[in-house]
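Here's coords_30.json, which has JSON, C-alpha atoms and all ligand atoms:
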```json
[["chain", "number", "residue", "atom", "x", "y", "z"],
["W", 1, "MET", "CA", 60.64, -47.19, 11.65],
["W", 2, "THR", "CA", 58.60, -44.77, 13.80],
["W", 3, "PRO", "CA", 57.80, -46.32, 17.19],
["W", 4, "HIS", "CA", 54.06, -46.26, 18.13],
["W", 5, "PRO", "CA", 52.81, -44.49, 20.08],
["W", 6, "LEU", "CA", 55.66, -41.98, 19.94],
["W", 7, "ARG", "CA", 57.08, -41.19, 23.40],
["W", 8, "VAL", "CA", 57.80, -37.46, 23.56],
["W", 9, "GLY", "CA", 59.90, -35.48, 26.03],
["W", 10, "ILE", "CA", 59.32, -31.71, 26.20],
["W", 11, "THR", "CA", 61.92, -29.36, 27.66],
["W", 12, "GLY", "CA", 60.62, -26.19, 29.33],
["W", 13, "ILE", "CA", 57.17, -27.80, 29.54],
["W", 14, "ALA", "CA", 55.84, -25.09, 31.87],
["W", 15, "GLY", "CA", 56.69, -22.32, 29.36],
["W", 16, "ARG", "CA", 54.35, -20.69, 26.82],
["W", 17, "MET", "CA", 55.40, -23.06, 24.04],
["W", 18, "GLY", "CA", 56.03, -26.03, 26.35],
["W", 19, "ARG", "CA", 52.39, -26.13, 27.45],
["W", 20, "ARG", "CA", 51.08, -25.79, 23.92],
["W", 21, "LEU", "CA", 53.50, -28.48, 22.68],
["W", 22, "ALA", "CA", 52.16, -30.88, 25.32],
["W", 23, "GLN", "CA", 48.58, -30.28, 24.14],
["W", 24, "SER", "CA", 49.45, -30.71, 20.47],
["W", 25, "SER", "CA", 51.41, -33.92, 21.24],
["W", 26, "VAL", "CA", 48.44, -35.44, 23.08],
["W", 27, "GLU", "CA", 46.05, -34.34, 20.30],
["W", 28, "SER", "CA", 48.32, -36.11, 17.78],
["W", 29, "GLY", "CA", 48.15, -39.40, 19.70],
["W", 30, "PHE", "CA", 51.69, -39.17, 21.09],
["W", 31, "VAL", "CA", 52.50, -39.92, 24.71],
["W", 32, "VAL", "CA", 54.13, -37.09, 26.65],
["W", 33, "VAL", "CA", 56.35, -39.18, 28.88],
["W", 34, "ALA", "CA", 58.32, -36.45, 30.61],
["W", 35, "GLY", "CA", 59.09, -32.74, 30.66],
["W", 36, "THR", "CA", 61.66, -30.49, 32.25],
["W", 37, "SER", "CA", 61.24, -27.50, 34.49],
["W", 38, "ARG", "CA", 63.89, -25.95, 36.67],
["W", 39, "GLN", "CA", 61.13, -25.09, 39.13],
["W", 40, "ILE", "CA", 58.94, -28.13, 39.51],
["W", 41, "ASP", "CA", 55.38, -26.79, 39.63],
["W", 42, "ASP", "CA", 52.80, -29.59, 39.48],
["W", 43, "GLU", "CA", 49.97, -27.17, 40.30],
["W", 44, "ALA", "CA", 50.72, -25.00, 37.28],
["W", 45, "LEU", "CA", 50.63, -28.06, 35.03],
["W", 46, "ALA", "CA", 47.52, -29.63, 36.57],
["W", 47, "SER", "CA", 45.14, -28.01, 34.07],
["W", 48, "ASP", "CA", 46.94, -29.47, 31.05],
["W", 49, "PRO", "CA", 45.91, -32.83, 29.56],
["W", 50, "LEU", "CA", 49.02, -34.83, 30.46],
["W", 51, "PRO", "CA", 48.76, -38.60, 30.78],
["W", 52, "ASP", "CA", 49.13, -40.69, 33.95],
["W", 53, "GLY", "CA", 52.73, -41.60, 34.57],
["W", 54, "PHE", "CA", 54.05, -38.31, 33.20],
["W", 55, "ARG", "CA", 57.31, -37.33, 34.92],
["W", 56, "LEU", "CA", 58.34, -33.73, 35.58],
["W", 57, "VAL", "CA", 62.13, -33.54, 35.97],
["W", 58, "ASN", "CA", 64.70, -30.80, 36.50],
["W", 59, "ASP", "CA", 67.08, -31.62, 33.68],
["W", 60, "ILE", "CA", 67.06, -33.08, 30.17],
["W", 61, "SER", "CA", 69.53, -35.81, 31.23],
["W", 62, "GLU", "CA", 66.76, -37.27, 33.45],
["W", 63, "LEU", "CA", 64.33, -37.84, 30.57],
["W", 64, "VAL", "CA", 66.39, -39.00, 27.58],
["W", 65, "GLY", "CA", 66.33, -42.67, 28.66],
["W", 66, "ASP", "CA", 62.54, -42.86, 28.31],
["W", 67, "VAL", "CA", 61.74, -40.96, 25.10],
["W", 68, "ASP", "CA", 61.80, -41.42, 21.30],
["W", 69, "VAL", "CA", 62.18, -37.69, 20.59],
["W", 70, "VAL", "CA", 62.72, -34.43, 22.46],
["W", 71, "ILE", "CA", 60.91, -31.22, 21.49],
["W", 72, "ASP", "CA", 62.89, -28.25, 22.75],
["W", 73, "PHE", "CA", 61.66, -24.63, 22.86],
["W", 74, "THR", "CA", 63.54, -23.10, 25.75],
["W", 75, "HIS", "CA", 66.41, -20.59, 25.86],
["W", 76, "ALA", "CA", 69.60, -20.20, 23.83],
["W", 77, "SER", "CA", 71.74, -20.85, 26.92],
["W", 78, "THR", "CA", 70.47, -24.45, 26.99],
["W", 79, "VAL", "CA", 71.45, -25.31, 23.42],
["W", 80, "ILE", "CA", 75.06, -26.44, 24.01],
["W", 81, "PRO", "CA", 74.24, -28.70, 27.00],
["W", 82, "HIS", "CA", 71.10, -30.08, 25.30],
["W", 83, "ALA", "CA", 73.08, -30.88, 22.12],
["W", 84, "ALA", "CA", 75.61, -32.88, 24.13],
["W", 85, "VAL", "CA", 73.02, -34.84, 26.15],
["W", 86, "LEU", "CA", 70.85, -35.70, 23.13],
["W", 87, "ALA", "CA", 73.75, -36.68, 20.87],
["W", 88, "ASP", "CA", 75.25, -38.93, 23.59],
["W", 89, "ALA", "CA", 71.84, -40.56, 24.20],
["W", 90, "GLY", "CA", 71.08, -40.91, 20.45],
["W", 91, "VAL", "CA", 67.70, -39.17, 20.82],
["W", 92, "PRO", "CA", 66.24, -37.17, 17.86],
["W", 93, "TRP", "CA", 65.82, -33.43, 18.50],
["W", 94, "VAL", "CA", 63.16, -30.96, 17.35],
["W", 95, "LEU", "CA", 64.68, -27.57, 18.11],
["W", 96, "GLY", "CA", 62.66, -24.34, 18.06],
["W", 97, "THR", "CA", 64.72, -22.19, 20.42],
["W", 98, "THR", "CA", 65.88, -18.88, 18.91],
["W", 99, "GLY", "CA", 68.54, -16.32, 19.77],
["W", 100, "LEU", "CA", 71.40, -18.78, 19.21],
["W", 101, "THR", "CA", 75.01, -17.54, 19.04],
["W", 102, "ALA", "CA", 77.39, -18.86, 16.38],
["W", 103, "SER", "CA", 78.88, -21.30, 18.90],
["W", 104, "ASP", "CA", 75.39, -22.52, 19.89],
["W", 105, "GLN", "CA", 74.70, -23.18, 16.20],
["W", 106, "ARG", "CA", 77.99, -25.07, 15.83],
["W", 107, "ALA", "CA", 76.89, -27.34, 18.70],
["W", 108, "VAL", "CA", 73.61, -28.04, 16.86],
["W", 109, "ASP", "CA", 75.50, -28.80, 13.63],
["W", 110, "ALA", "CA", 77.87, -31.15, 15.50],
["W", 111, "ALA", "CA", 74.94, -32.97, 17.16],
["W", 112, "ALA", "CA", 73.30, -33.38, 13.73],
["W", 113, "MET", "CA", 76.27, -35.54, 12.66],
["W", 114, "ARG", "CA", 75.17, -38.06, 15.32],
["W", 115, "ILE", "CA", 71.37, -37.68, 15.62],
["W", 116, "PRO", "CA", 68.54, -36.43, 13.38],
["W", 117, "VAL", "CA", 67.75, -32.77, 14.18],
["W", 118, "VAL", "CA", 64.87, -30.68, 12.80],
["W", 119, "GLN", "CA", 65.64, -27.05, 13.48],
["W", 120, "ALA", "CA", 63.37, -24.13, 12.53],
["W", 121, "ALA", "CA", 63.07, -20.58, 13.78],
["W", 122, "ASN", "CA", 59.38, -20.90, 12.95],
["W", 123, "PHE", "CA", 57.51, -24.21, 12.63],
["W", 124, "SER", "CA", 54.40, -22.78, 10.96],
["W", 125, "THR", "CA", 53.65, -23.93, 7.42],
["W", 126, "GLY", "CA", 52.92, -20.31, 6.49],
["W", 127, "VAL", "CA", 56.35, -19.05, 7.48],
["W", 128, "THR", "CA", 58.02, -22.05, 5.83],
["W", 129, "LEU", "CA", 56.44, -20.83, 2.58],
["W", 130, "VAL", "CA", 57.29, -17.18, 3.33],
["W", 131, "MET", "CA", 60.99, -18.20, 3.51],
["W", 132, "ARG", "CA", 60.80, -19.80, 0.09],
["W", 133, "ILE", "CA", 59.06, -16.79, -1.45],
["W", 134, "ALA", "CA", 61.53, -14.43, 0.28],
["W", 135, "ARG", "CA", 64.42, -16.30, -1.35],
["W", 136, "GLU", "CA", 62.78, -15.93, -4.76],
["W", 137, "MET", "CA", 62.02, -12.24, -4.19],
["W", 138, "GLY", "CA", 65.66, -11.68, -3.19],
["W", 139, "ALA", "CA", 66.78, -13.34, -6.43],
["W", 140, "VAL", "CA", 64.48, -11.27, -8.66],
["W", 141, "LEU", "CA", 64.39, -7.88, -6.89],
["W", 142, "SER", "CA", 67.93, -6.60, -7.34],
["W", 143, "ALA", "CA", 69.93, -5.39, -4.35],
["W", 144, "GLU", "CA", 70.88, -2.25, -6.29],
["W", 145, "GLN", "CA", 67.24, -1.22, -6.83],
["W", 146, "TYR", "CA", 65.23, -2.74, -3.96],
["W", 147, "ASP", "CA", 65.97, -2.03, -0.28],
["W", 148, "ALA", "CA", 65.00, -5.06, 1.85],
["W", 149, "GLU", "CA", 63.78, -4.46, 5.41],
["W", 150, "ILE", "CA", 62.17, -6.86, 7.88],
["W", 151, "VAL", "CA", 59.80, -5.68, 10.62],
["W", 152, "GLU", "CA", 58.71, -8.03, 13.40],
["W", 153, "MET", "CA", 56.45, -7.61, 16.43],
["W", 154, "HIS", "CA", 56.14, -9.93, 19.42],
["W", 155, "HIS", "CA", 54.79, -10.10, 22.97],
["W", 156, "ARG", "CA", 56.47, -8.08, 25.69],
["W", 157, "GLN", "CA", 58.09, -11.19, 27.31],
["W", 158, "LYS", "CA", 60.22, -12.11, 24.29],
["W", 159, "VAL", "CA", 63.93, -12.04, 25.23],
["W", 160, "ASP", "CA", 65.74, -12.14, 21.85],
["W", 161, "ALA", "CA", 65.74, -9.62, 18.97],
["W", 162, "PRO", "CA", 65.45, -9.59, 16.06],
["W", 163, "SER", "CA", 63.33, -12.73, 16.18],
["W", 164, "GLY", "CA", 64.76, -15.96, 14.82],
["W", 165, "THR", "CA", 62.14, -15.84, 12.07],
["W", 166, "ALA", "CA", 63.15, -12.31, 11.02],
["W", 167, "LEU", "CA", 66.78, -13.41, 10.81],
["W", 168, "ALA", "CA", 65.84, -16.52, 8.83],
["W", 169, "ILE", "CA", 63.80, -14.41, 6.38],
["W", 170, "GLY", "CA", 66.82, -12.10, 6.06],
["W", 171, "GLU", "CA", 69.05, -15.11, 5.39],
["W", 172, "ALA", "CA", 66.62, -16.30, 2.70],
["W", 173, "VAL", "CA", 66.69, -12.91, 0.96],
["W", 174, "ALA", "CA", 70.50, -12.88, 1.19],
["W", 175, "GLU", "CA", 70.64, -16.39, -0.29],
["W", 176, "GLY", "CA", 68.42, -15.25, -3.15],
["W", 177, "ARG", "CA", 70.94, -12.46, -3.72],
["W", 178, "GLN", "CA", 73.78, -15.00, -3.62],
["W", 179, "THR", "CA", 75.33, -13.59, -0.47],
["W", 180, "THR", "CA", 74.97, -14.17, 3.26],
["W", 181, "LEU", "CA", 73.09, -12.20, 5.90],
["W", 182, "ALA", "CA", 76.35, -11.81, 7.84],
["W", 183, "ALA", "CA", 77.81, -9.95, 4.84],
["W", 184, "VAL", "CA", 74.89, -7.55, 4.29],
["W", 185, "ARG", "CA", 73.09, -7.15, 7.62],
["W", 186, "GLU", "CA", 72.59, -3.48, 8.52],
["W", 187, "PRO", "CA", 73.50, -2.76, 12.17],
["W", 188, "ALA", "CA", 70.64, -1.47, 14.37],
["W", 189, "ARG", "CA", 70.00, 2.20, 13.48],
["W", 190, "GLU", "CA", 70.31, 4.83, 16.16],
["W", 191, "GLY", "CA", 71.62, 8.36, 16.32],
["W", 192, "GLN", "CA", 73.82, 9.58, 13.45],
["W", 193, "CYS", "CA", 73.70, 6.20, 11.72],
["W", 194, "GLY", "CA", 74.29, 7.57, 8.22],
["W", 195, "PRO", "CA", 72.38, 6.69, 5.05],
["W", 196, "ARG", "CA", 71.30, 3.20, 4.20],
["W", 197, "LYS", "CA", 73.88, 1.09, 2.34],
["W", 198, "THR", "CA", 72.86, -0.27, -1.06],
["W", 199, "GLY", "CA", 72.22, -4.00, -0.77],
["W", 200, "ALA", "CA", 71.89, -3.96, 3.02],
["W", 201, "ILE", "CA", 69.14, -5.91, 4.81],
["W", 202, "GLY", "CA", 67.71, -4.03, 7.81],
["W", 203, "PHE", "CA", 65.61, -5.10, 10.81],
["W", 204, "ALA", "CA", 63.16, -3.45, 13.19],
["W", 205, "ALA", "CA", 61.91, -5.29, 16.29],
["W", 206, "LEU", "CA", 58.75, -4.08, 18.07],
["W", 207, "ARG", "CA", 57.54, -5.46, 21.42],
["W", 208, "GLY", "CA", 54.17, -5.10, 23.12],
["W", 209, "GLY", "CA", 51.26, -6.83, 24.81],
["W", 210, "GLN", "CA", 50.65, -10.44, 23.90],
["W", 211, "ILE", "CA", 51.32, -10.37, 20.11],
["W", 212, "VAL", "CA", 52.04, -14.02, 19.19],
["W", 213, "GLY", "CA", 54.29, -13.22, 16.22],
["W", 214, "GLU", "CA", 54.12, -10.90, 13.19],
["W", 215, "HIS", "CA", 56.65, -10.55, 10.38],
["W", 216, "THR", "CA", 56.70, -8.30, 7.32],
["W", 217, "LEU", "CA", 59.33, -8.30, 4.60],
["W", 218, "LEU", "CA", 59.40, -5.08, 2.57],
["W", 219, "PHE", "CA", 61.20, -4.40, -0.69],
["W", 220, "THR", "CA", 61.20, -0.69, -1.51],
["W", 221, "SER", "CA", 62.51, 0.84, -4.75],
["W", 222, "ALA", "CA", 62.23, 4.34, -6.20],
["W", 223, "THR", "CA", 58.98, 3.34, -7.93],
["W", 224, "GLU", "CA", 57.20, 0.65, -5.90],
["W", 225, "GLN", "CA", 56.95, -1.27, -2.63],
["W", 226, "ILE", "CA", 56.21, -4.96, -2.16],
["W", 227, "GLU", "CA", 55.20, -6.42, 1.23],
["W", 228, "LEU", "CA", 55.16, -10.07, 2.25],
["W", 229, "GLY", "CA", 53.62, -10.65, 5.66],
["W", 230, "HIS", "CA", 52.72, -13.37, 8.15],
["W", 231, "ARG", "CA", 50.70, -13.08, 11.34],
["W", 232, "ALA", "CA", 50.39, -15.90, 13.86],
["W", 233, "PHE", "CA", 47.20, -15.73, 15.94],
["W", 234, "ASP", "CA", 47.83, -18.73, 18.19],
["W", 235, "ARG", "CA", 50.96, -20.65, 19.34],
["W", 236, "ARG", "CA", 49.15, -23.78, 18.22],
["W", 237, "VAL", "CA", 50.47, -23.08, 14.70],
["W", 238, "PHE", "CA", 54.08, -23.47, 15.90],
["W", 239, "ALA", "CA", 53.31, -26.40, 18.21],
["W", 240, "ASP", "CA", 51.40, -28.38, 15.58],
["W", 241, "GLY", "CA", 54.32, -27.93, 13.15],
["W", 242, "ALA", "CA", 56.86, -29.03, 15.76],
["W", 243, "VAL", "CA", 54.79, -32.08, 16.71],
["W", 244, "ARG", "CA", 54.51, -33.01, 13.03],
["W", 245, "ALA", "CA", 58.31, -32.67, 12.85],
["W", 246, "ALA", "CA", 58.65, -34.93, 15.91],
["W", 247, "GLY", "CA", 56.65, -37.68, 14.22],
["W", 248, "TRP", "CA", 58.75, -37.32, 11.07],
["W", 249, "VAL", "CA", 62.22, -37.04, 12.63],
["W", 250, "SER", "CA", 62.02, -40.17, 14.75],
["W", 251, "GLY", "CA", 62.36, -42.28, 11.58],
["W", 252, "GLN", "CA", 65.28, -40.36, 10.05],
["W", 253, "HIS", "CA", 69.04, -40.89, 9.82],
["W", 254, "PRO", "CA", 71.36, -38.42, 11.57],
["W", 255, "GLY", "CA", 71.35, -35.07, 9.77],
["W", 256, "HIS", "CA", 70.26, -31.47, 9.96],
["W", 257, "TYR", "CA", 66.71, -31.09, 8.65],
["W", 258, "SER", "CA", 64.29, -28.19, 8.13],
["W", 259, "MET", "CA", 60.52, -27.81, 7.89],
["W", 260, "ASP", "CA", 60.94, -28.05, 4.10],
["W", 261, "ASP", "CA", 62.10, -31.65, 4.65],
["W", 262, "VAL", "CA", 59.24, -32.39, 7.06],
["W", 263, "LEU", "CA", 56.67, -31.00, 4.59],
["W", 264, "GLY", "CA", 58.29, -32.82, 1.67],
["W", 265, "LEU", "CA", 59.07, -29.61, -0.24],
["W", 266, "GLU", "CA", 61.84, -29.70, -2.85],
["O", 1, "LIG", "N1", 60.55, -22.08, 16.31],
["O", 1, "LIG", "C1", 59.31, -21.66, 16.56],
["O", 1, "LIG", "O1", 58.35, -21.94, 15.81],
["O", 1, "LIG", "C2", 59.07, -20.88, 17.83],
["O", 1, "LIG", "C3", 60.12, -20.61, 18.65],
["O", 1, "LIG", "N2", 59.92, -20.00, 19.85],
["O", 1, "LIG", "C4", 61.09, -19.89, 20.71],
["O", 1, "LIG", "O2", 60.95, -20.83, 21.77],
["O", 1, "LIG", "C5", 61.63, -20.37, 22.90],
["O", 1, "LIG", "C6", 60.71, -20.42, 24.11],
["O", 1, "LIG", "O3", 59.67, -19.48, 23.94],
["O", 1, "LIG", "P1", 58.50, -19.34, 25.04],
["O", 1, "LIG", "O4", 57.86, -20.67, 25.26],
["O", 1, "LIG", "O5", 57.70, -18.17, 24.64],
["O", 1, "LIG", "O6", 59.38, -18.96, 26.32],
["O", 1, "LIG", "P2", 59.04, -19.21, 27.86],
["O", 1, "LIG", "O7", 59.97, -18.32, 28.62],
["O", 1, "LIG", "O8", 57.58, -19.13, 28.11],
["O", 1, "LIG", "O9", 59.45, -20.72, 28.07],
["O", 1, "LIG", "C7", 60.77, -21.16, 28.01],
["O", 1, "LIG", "C8", 60.99, -22.22, 29.07],
["O", 1, "LIG", "O10", 62.33, -22.66, 28.99],
["O", 1, "LIG", "C9", 62.76, -23.04, 30.27],
["O", 1, "LIG", "N3", 64.19, -22.72, 30.45],
["O", 1, "LIG", "C10", 65.16, -23.62, 30.64],
["O", 1, "LIG", "N4", 66.34, -23.03, 30.79],
["O", 1, "LIG", "C11", 66.11, -21.70, 30.70],
["O", 1, "LIG", "C12", 66.96, -20.59, 30.80],
["O", 1, "LIG", "N5", 68.28, -20.70, 31.01],
["O", 1, "LIG", "N6", 66.40, -19.37, 30.69],
["O", 1, "LIG", "C13", 65.07, -19.24, 30.48],
["O", 1, "LIG", "N7", 64.22, -20.28, 30.37],
["O", 1, "LIG", "C14", 64.75, -21.51, 30.49],
["O", 1, "LIG", "C15", 61.89, -22.30, 31.27],
["O", 1, "LIG", "O11", 61.28, -23.27, 32.07],
["O", 1, "LIG", "P3", 61.56, -23.40, 33.66],
["O", 1, "LIG", "O12", 61.74, -22.00, 34.19],
["O", 1, "LIG", "O13", 60.32, -24.08, 34.12],
["O", 1, "LIG", "O14", 62.77, -24.23, 33.75],
["O", 1, "LIG", "C16", 60.81, -21.62, 30.46],
["O", 1, "LIG", "O15", 59.52, -21.90, 30.93],
["O", 1, "LIG", "C17", 62.16, -18.98, 22.55],
["O", 1, "LIG", "O16", 63.50, -19.10, 22.11],
["O", 1, "LIG", "C18", 61.26, -18.57, 21.39],
["O", 1, "LIG", "O17", 61.83, -17.61, 20.55],
["O", 1, "LIG", "C19", 58.68, -19.62, 20.27],
["O", 1, "LIG", "C20", 57.61, -19.83, 19.47],
["O", 1, "LIG", "C21", 57.70, -20.46, 18.17],
["O", 2, "LIG", "O1", 59.34, -15.95, 21.03],
["O", 2, "LIG", "C1", 58.32, -16.13, 20.33],
["O", 2, "LIG", "O2", 57.18, -16.01, 20.80],
["O", 2, "LIG", "C2", 58.50, -16.52, 18.94],
["O", 2, "LIG", "N1", 59.70, -16.81, 18.54],
["O", 2, "LIG", "C3", 60.09, -17.26, 17.26],
["O", 2, "LIG", "C4", 61.08, -16.32, 16.64],
["O", 2, "LIG", "O3", 61.95, -15.77, 17.36],
["O", 2, "LIG", "O4", 61.03, -16.11, 15.43],
["O", 2, "LIG", "C5", 58.93, -17.63, 16.37],
["O", 2, "LIG", "C6", 57.67, -16.85, 16.59],
["O", 2, "LIG", "O5", 57.73, -15.66, 15.89],
["O", 2, "LIG", "C7", 57.32, -16.65, 18.06]]
```
Would you write the structure of this file as structure tokens?
Amino acid sequence: MTPHPLRVGITGIAGRMGRRLAQSSVESGFVVVAGTSRQIDDEALASDPLPDGFRLVNDISELVGDVDVVIDFTHASTVIPHAAVLADAGVPWVLGTTGLTASDQRAVDAAAMRIPVVQAANFSTGVTLVMRIAREMGAVLSAEQYDAEIVEMHHRQKVDAPSGTALAIGEAVAEGRQTTLAAVREPAREGQCGPRKTGAIGFAALRGGQIVGEHTLLFTSATEQIELGHRAFDRRVFADGAVRAAGWVSGQHPGHYSMDDVLGLE
């Protein structure tokens, strides 16, 4: 049963997503009990609507005793330690961090054997649907005829590329084509890179200004081009999805869940 009101802990609460997650949590009637920041900066947080009694701590291990769920949008280097702390404490995990290595992902999968984890490279409802359509397009638009490419653009501060969403869209196309992205991903093109391989999935990552997040999937054949795009205007779209996931995951059994599960999609 979901405890009421839900007590939420937010890692990286002073970050771009951390701040927005705190607002969305409060707007949803949850209590933001604690957040982490490696540099405690009360002044920077003073303008945000956090409740009395909120604790700002240095490390996730200092907040897990007080919370029903942790929402975590930080940096890939935190994933292995966060997985261990949350699994040991038995606290559900909503994970939005991108740029994970294969060993980071294995740590998430291992934690999901012990706690419920909702992981998504993009918590917006729109992108959740884009993934489903991308899978179907991959299944119908044959790899021999249609070249699949994914273009993404983000703000100049983003540290990982291609974005987690771009990679997840690529994985969905690969799944539709009954293969894996690892098997068909085209290496970044530069110099004498040679012609495009049939069946490859390519990526282009653009960075500039304060673009929140834009993704376009293109299928190009000799006779036509199909584009599927998504543009996020405000980080609220990710935060609201993650907060919805937090409310949902706190009542679940251990397992690895996606936004499809949260939204009740087949
Ligand atoms: N799944 C989704 O829907 C979305 C995912 N993201 C992902 O969320 C993550 C955070 O994005 P964003 O909020 O823009 O990033 P920010 O850099 O603004 O915030 C990240 C916060 O994480 C904390 N942090 C803890 N450990 C580290 C570390 N080792 N290196 C860097 N930061 C650390 C920092 O807080 P402090 O310095 O105070 O400790 C920082 O403020 C990224 O991986 C991004 O791709 C972003 C948007 C949507
Ligand atoms: O870093 C960001 O900002 C974003 N990261 C996610 C990703 O890597 O896909 C989601 C969104 O596009 C914003």
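From CA of Ala102 (chain W) back to CA of Ala204 (chain W), the distance works out to 21.2 Å.
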Contact table region 105-221 of chain W vs region 236-249 of chain W, cut-off 8 Å, shortest pair per residue, all atoms listed in the file, as a tab-separated table:
```
residue	atom	partner	partner_atom	distance
W:Pro116	CA	W:Val249	CA	6.4
W:Val117	CA	W:Val249	CA	7.2
W:Val118	CA	W:Ala245	CA	6.9
W:Asn122	CA	W:Phe238	CA	6.6
W:Phe123	CA	W:Phe238	CA	4.8
W:Ser124	CA	W:Phe238	CA	5.0
W:Thr125	CA	W:Gly241	CA	7.0
```
Excluding Ala182 (chain W) and its own-chain neighbours fewer than 5 positions away, which residues fall within 12 Å of it when counting all atoms listed in the file? Please give them as a ChimeraX atom specification. /W:102,167-168,170-175,187,200-202
At a cut-off of 9 Å and counting only C-alpha atoms and all ligand atoms, what residues surround ligand LIG 1 (chain O)? Please answer as a PyMOL selection string. chain W and resi 11-20+36-41+58-59+72-78+95-100+119-124+155+157-160+163-165+212-213+235+237-239+241-242
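Excluding Met113 (chain W) and any residue on its chain fewer than 5 positions from it, the residues at most 8 Å away by only C-alpha atoms are Pro254, Gly255 and His256 of chain W.
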Separation of CA of Phe30 (chain W) and CA of Leu56 (chain W), in Å? 16.8 Å
Taking only C-alpha atoms and all ligand atoms into account, which of W:Gly251, W:Gly191, W:Pro162, W:Gly199 comes nearest ligand LIG 2 (chain O)? W:Pro162
Just want the 6 Å neighbourhood of region 215-231 of chain W, counted on all atoms listed in the file, with same-chain residues fewer than 5 positions away dropped. Output as a list in words. Gln145, Tyr146, Asp147, Ala148, Glu149, Ile150, Val151 and Glu152 of chain W
Let's have the selection written as an mmCIF file, keeping the file's coordinate frame, with C-alpha atoms.
```cif
data_model
loop_
_atom_site.group_PDB
_atom_site.id
_atom_site.type_symbol
_atom_site.label_atom_id
_atom_site.label_comp_id
_atom_site.auth_asym_id
_atom_site.auth_seq_id
_atom_site.Cartn_x
_atom_site.Cartn_y
_atom_site.Cartn_z
ATOM 1 C CA GLN W 145 67.240 -1.220 -6.830
ATOM 2 C CA TYR W 146 65.230 -2.740 -3.960
ATOM 3 C CA ASP W 147 65.970 -2.030 -0.280
ATOM 4 C CA ALA W 148 65.000 -5.060 1.850
ATOM 5 C CA GLU W 149 63.780 -4.460 5.410
ATOM 6 C CA ILE W 150 62.170 -6.860 7.880
ATOM 7 C CA VAL W 151 59.800 -5.680 10.620
ATOM 8 C CA GLU W 152 58.710 -8.030 13.400
#
```
Ligand LIG 2 (chain O): axis-aligned bounding box, 8 Å on each side, centre and edge lengths in Å, one decimal, as AutoDock Vina command-line options:
```
--center_x 59.6 --center_y -16.6 --center_z 18.2 --size_x 20.8 --size_y 18.0 --size_z 21.6
```
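Put simply, atom C5 of ligand LIG 2 (chain O) is 16.5 Å away from CA of Arg132 (chain W).
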Pull N, CA and C atoms for region 140-152 of chain W from the block and write them as a CSV table (one decimal), in the first residue's frame.
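What follows is the written file decode15.csv:
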```csv
chain,number,residue,atom,x,y,z
W,140,VAL,N,8.3,-2.3,-39.4
W,140,VAL,CA,7.6,-2.2,-40.7
W,140,VAL,C,8.6,-1.7,-41.8
W,141,LEU,N,9.5,-0.7,-41.4
W,141,LEU,CA,10.3,-0.1,-42.4
W,141,LEU,C,11.6,-0.9,-42.4
W,142,SER,N,11.8,-1.7,-43.5
W,142,SER,CA,12.9,-2.7,-43.5
W,142,SER,C,14.3,-2.0,-43.4
W,143,ALA,N,15.2,-2.7,-42.7
W,143,ALA,CA,16.6,-2.2,-42.6
W,143,ALA,C,17.3,-2.2,-43.9
W,144,GLU,N,16.9,-3.0,-44.8
W,144,GLU,CA,17.5,-3.0,-46.2
W,144,GLU,C,17.1,-1.7,-47.0
W,145,GLN,N,15.9,-1.2,-46.7
W,145,GLN,CA,15.4,-0.1,-47.6
W,145,GLN,C,15.5,1.2,-46.8
W,146,TYR,N,15.3,1.2,-45.5
W,146,TYR,CA,15.2,2.5,-44.8
W,146,TYR,C,16.3,2.7,-43.8
W,147,ASP,N,17.1,3.8,-44.0
W,147,ASP,CA,18.2,4.1,-43.1
W,147,ASP,C,17.7,4.9,-41.9
W,148,ALA,N,17.9,4.4,-40.7
W,148,ALA,CA,17.4,5.0,-39.5
W,148,ALA,C,18.5,5.9,-38.9
W,149,GLU,N,18.2,7.1,-38.6
W,149,GLU,CA,19.1,8.1,-38.0
W,149,GLU,C,18.4,8.8,-36.9
W,150,ILE,N,19.1,9.1,-35.8
W,150,ILE,CA,18.5,9.9,-34.7
W,150,ILE,C,19.3,11.1,-34.4
W,151,VAL,N,18.6,12.3,-34.5
W,151,VAL,CA,19.3,13.6,-34.2
W,151,VAL,C,18.7,14.1,-32.9
W,152,GLU,N,19.6,14.5,-32.0
W,152,GLU,CA,19.1,15.1,-30.8
W,152,GLU,C,19.8,16.5,-30.5
```
